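In what follows, a single structure is set out as structure tokens and then discussed.
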Amino acid sequence: MTYREVLENARKTILNCKACPECNGLGCGNTLPGPGSKAPGNGAHDNWSAWKRIRLNFDTFVEDGPVDTGCELFGRRFSLPLMSGPIGSMTQYSKEDVTVPFNDGVMEGTARTGTIDCFGDGVVPETLIGALESMKKHHPAAIPVFNPMPNASIMKKMDLFEESDALAMCVVVDSAGLSHWKHIGDQPGTKTITDLKELKAHTNKPFLVKGIMTAKGALQAVEAGADGIIVSNHGGRALADVPGTAEVLPEIVKAVNKETKIIVDGGIRHGVDMVKAIALGADGVLICRPFAVAWFGGGAEGVKTYIELLKNEFSEAMYMVGARKITDLNPEMVRL
Ligand SMILES: Cc1cc2nc3c(=O)[nH]c(=O)nc-3n(C[C@H](O)[C@H](O)[C@H](O)COP(=O)(O)O)c2cc1C
């Protein structure tokens, strides 16, 4: 299955998304509910453009040799520094709720390619129950991502995964700004450092905080004991007119000074974007919307096709900037 076929197939069934050849936030604009950004709808595109403004520097005066895209994250080895992004409810893309089969397909695809799957807690209990079943079936390196409901509710959900082989636990703090949550009973809200410390203390697994956009926020997550942060603005879905994630990454990397792992998301679509992110100091990247398209276009096979495409692109781009392994990537390889 080629990626072109994946896109063509996806267009037959996916709703609110045009499965564009380049997922740059222009086709979906402010389609919400749906995969778009909060009004006026520029957030996803701003993220994408911020990566495009960064350029890569050729370096072919290095010893020749094969490229190794492998990495270590949270104590395990992976073939790529890549996570699929959580989508709590696939009703954004479909009349029927296909969240459980979607998570199953992405877990299978990420497990088959040696990458990481993040999944959302969604709005119905079946989502997490289904995810647990899929984890037993496919043994992915999976990370549940919990919305910022009251801590007692998050801790109950964490308990479901404590005995599983989940790679880490994550709470997404910027979901506090999602307007389409407002009709749901258990309301999300902002978190204090004390709240995060309580959640961190509740698990023996690495604890991640998703939705960090400032050096100050990153340092607060570090203070709360986060083993990793995800630099993210929720794909522009929580607030418009925020910077692109690529714009804030360097200052966050500097402030954090290696005290916690840094993953970044938002408009990362190709291997070249992955090279830019890692060269600027991220330990890994997360990609979300294209995984929905890949799954609609070919289930687990579509997901695998997309990841293999990314891996080829990433490997070729590493080669041309003079990197043979992930740890060779450094800021001199990019031009801001
Ligand atoms: C339809 C949709 C649903 C999402 N649901 C969640 C969610 O439940 N939890 C979460 O942490 N992020 C959620 N996100 C945000 C993504 O995980 C990711 O942070 C964001 O889309 C940026 O990545 P991208 O530009 O690669 O899509 C959702 C995004 C979309 C488009």
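Chain identifiers are assigned as A, B, and so on, following the order in which chains appear in the structure tokens; residues are numbered from 1 within each chain, and ligands are numbered from 1 in order of appearance.
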
Selection near A:Gln92, 8 Å with only C-alpha atoms, sequence-local residues under 6 positions removed, as a ChimeraX atom specification: /A:15-16,32-35

Could you list, as a PDB file with C-alpha atoms, in the first residue's frame, all the residues within 6 Å of ligand 1, counting only C-alpha atoms and all ligand atoms?
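Generated output (out-v6.pdb):
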ATOM      1  CA  GLY A  34     -13.894  18.356  13.572  1.00  0.00           C
ATOM      2  CA  PRO A  35     -10.121  18.338  13.189  1.00  0.00           C
ATOM      3  CA  ALA A  44      -2.759  24.365  12.885  1.00  0.00           C
ATOM      4  CA  GLY A  85      -0.909  11.705  18.882  1.00  0.00           C
ATOM      5  CA  PRO A  86      -3.929  11.078  21.092  1.00  0.00           C
ATOM      6  CA  ILE A  87      -7.390  11.632  19.622  1.00  0.00           C
ATOM      7  CA  GLY A  88      -9.826  11.189  22.475  1.00  0.00           C
ATOM      8  CA  GLN A  92     -14.645  14.512  15.139  1.00  0.00           C
ATOM      9  CA  GLY A 120      -6.746   9.781  24.654  1.00  0.00           C
ATOM     10  CA  GLY A 122     -12.088  10.186  25.385  1.00  0.00           C
ATOM     11  CA  VAL A 145      -3.164  10.780  27.841  1.00  0.00           C
ATOM     12  CA  VAL A 172      -2.806  17.126  28.918  1.00  0.00           C
ATOM     13  CA  SER A 232       2.167  21.510  22.281  1.00  0.00           C
ATOM     14  CA  HIS A 234      -3.173  21.203  21.053  1.00  0.00           C
ATOM     15  CA  GLY A 235      -2.819  21.800  17.335  1.00  0.00           C
ATOM     16  CA  ASP A 265       4.098  18.357  18.352  1.00  0.00           C
ATOM     17  CA  GLY A 266       2.103  20.660  16.078  1.00  0.00           C
ATOM     18  CA  GLY A 267       2.357  20.667  12.291  1.00  0.00           C
ATOM     19  CA  ILE A 268       5.210  18.127  12.124  1.00  0.00           C
ATOM     20  CA  ILE A 287       2.263  13.696  15.161  1.00  0.00           C
ATOM     21  CA  CYS A 288      -1.510  13.587  15.421  1.00  0.00           C
ATOM     22  CA  ARG A 289      -3.863  14.475  12.548  1.00  0.00           C
TER      23      ARG A 289
END

- prompt: Could you pull out the alpha helix (DSSP H) residues of stretch 144-230 of chain A from DSSP and send them as number ranges by chain?
  reply: A: 151-162, 193-201, 215-223

message: Using only C-alpha atoms, can you tell me which of A:Val62, A:Gly281, A:Pro144, A:Asp186 comes closest to A:Asn257?
response: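 Closest to A:Asn257, using only C-alpha atoms: A:Gly281.
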
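Taking only C-alpha atoms into account, A:Ala240 lies nearest to A:Lys38 out of the set A:Arg53, A:Arg11, A:Arg76, A:Lys38.
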
For A:Lys136: contacts at 9 Å, only C-alpha atoms, fewer than 5 positions along chain excluded, given as a list of chain:residue names: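 My reading of the contact set: A:Ala131, A:Ser164, A:Asp165.
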
C-alpha atoms of the current selection, written as a short mmCIF file (atom, residue, chain, number, x, y, z; two decimals), in the first residue's frame:
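Final output, saved to again.cif:
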data_model
loop_
_atom_site.label_atom_id
_atom_site.label_comp_id
_atom_site.auth_asym_id
_atom_site.auth_seq_id
_atom_site.Cartn_x
_atom_site.Cartn_y
_atom_site.Cartn_z
CA ALA A 131 -7.45 0.59 24.71
CA SER A 164 -0.27 -2.70 32.33
CA ASP A 165 2.94 -2.35 30.33
#

field: Distance query stretch 150-154 of chain A at most 9 Å, only C-alpha atoms, self and fewer than 5 positions along chain excluded, as number ranges by chain
entry: A: 159, 171, 186-189, 191, 195-196, 198-199
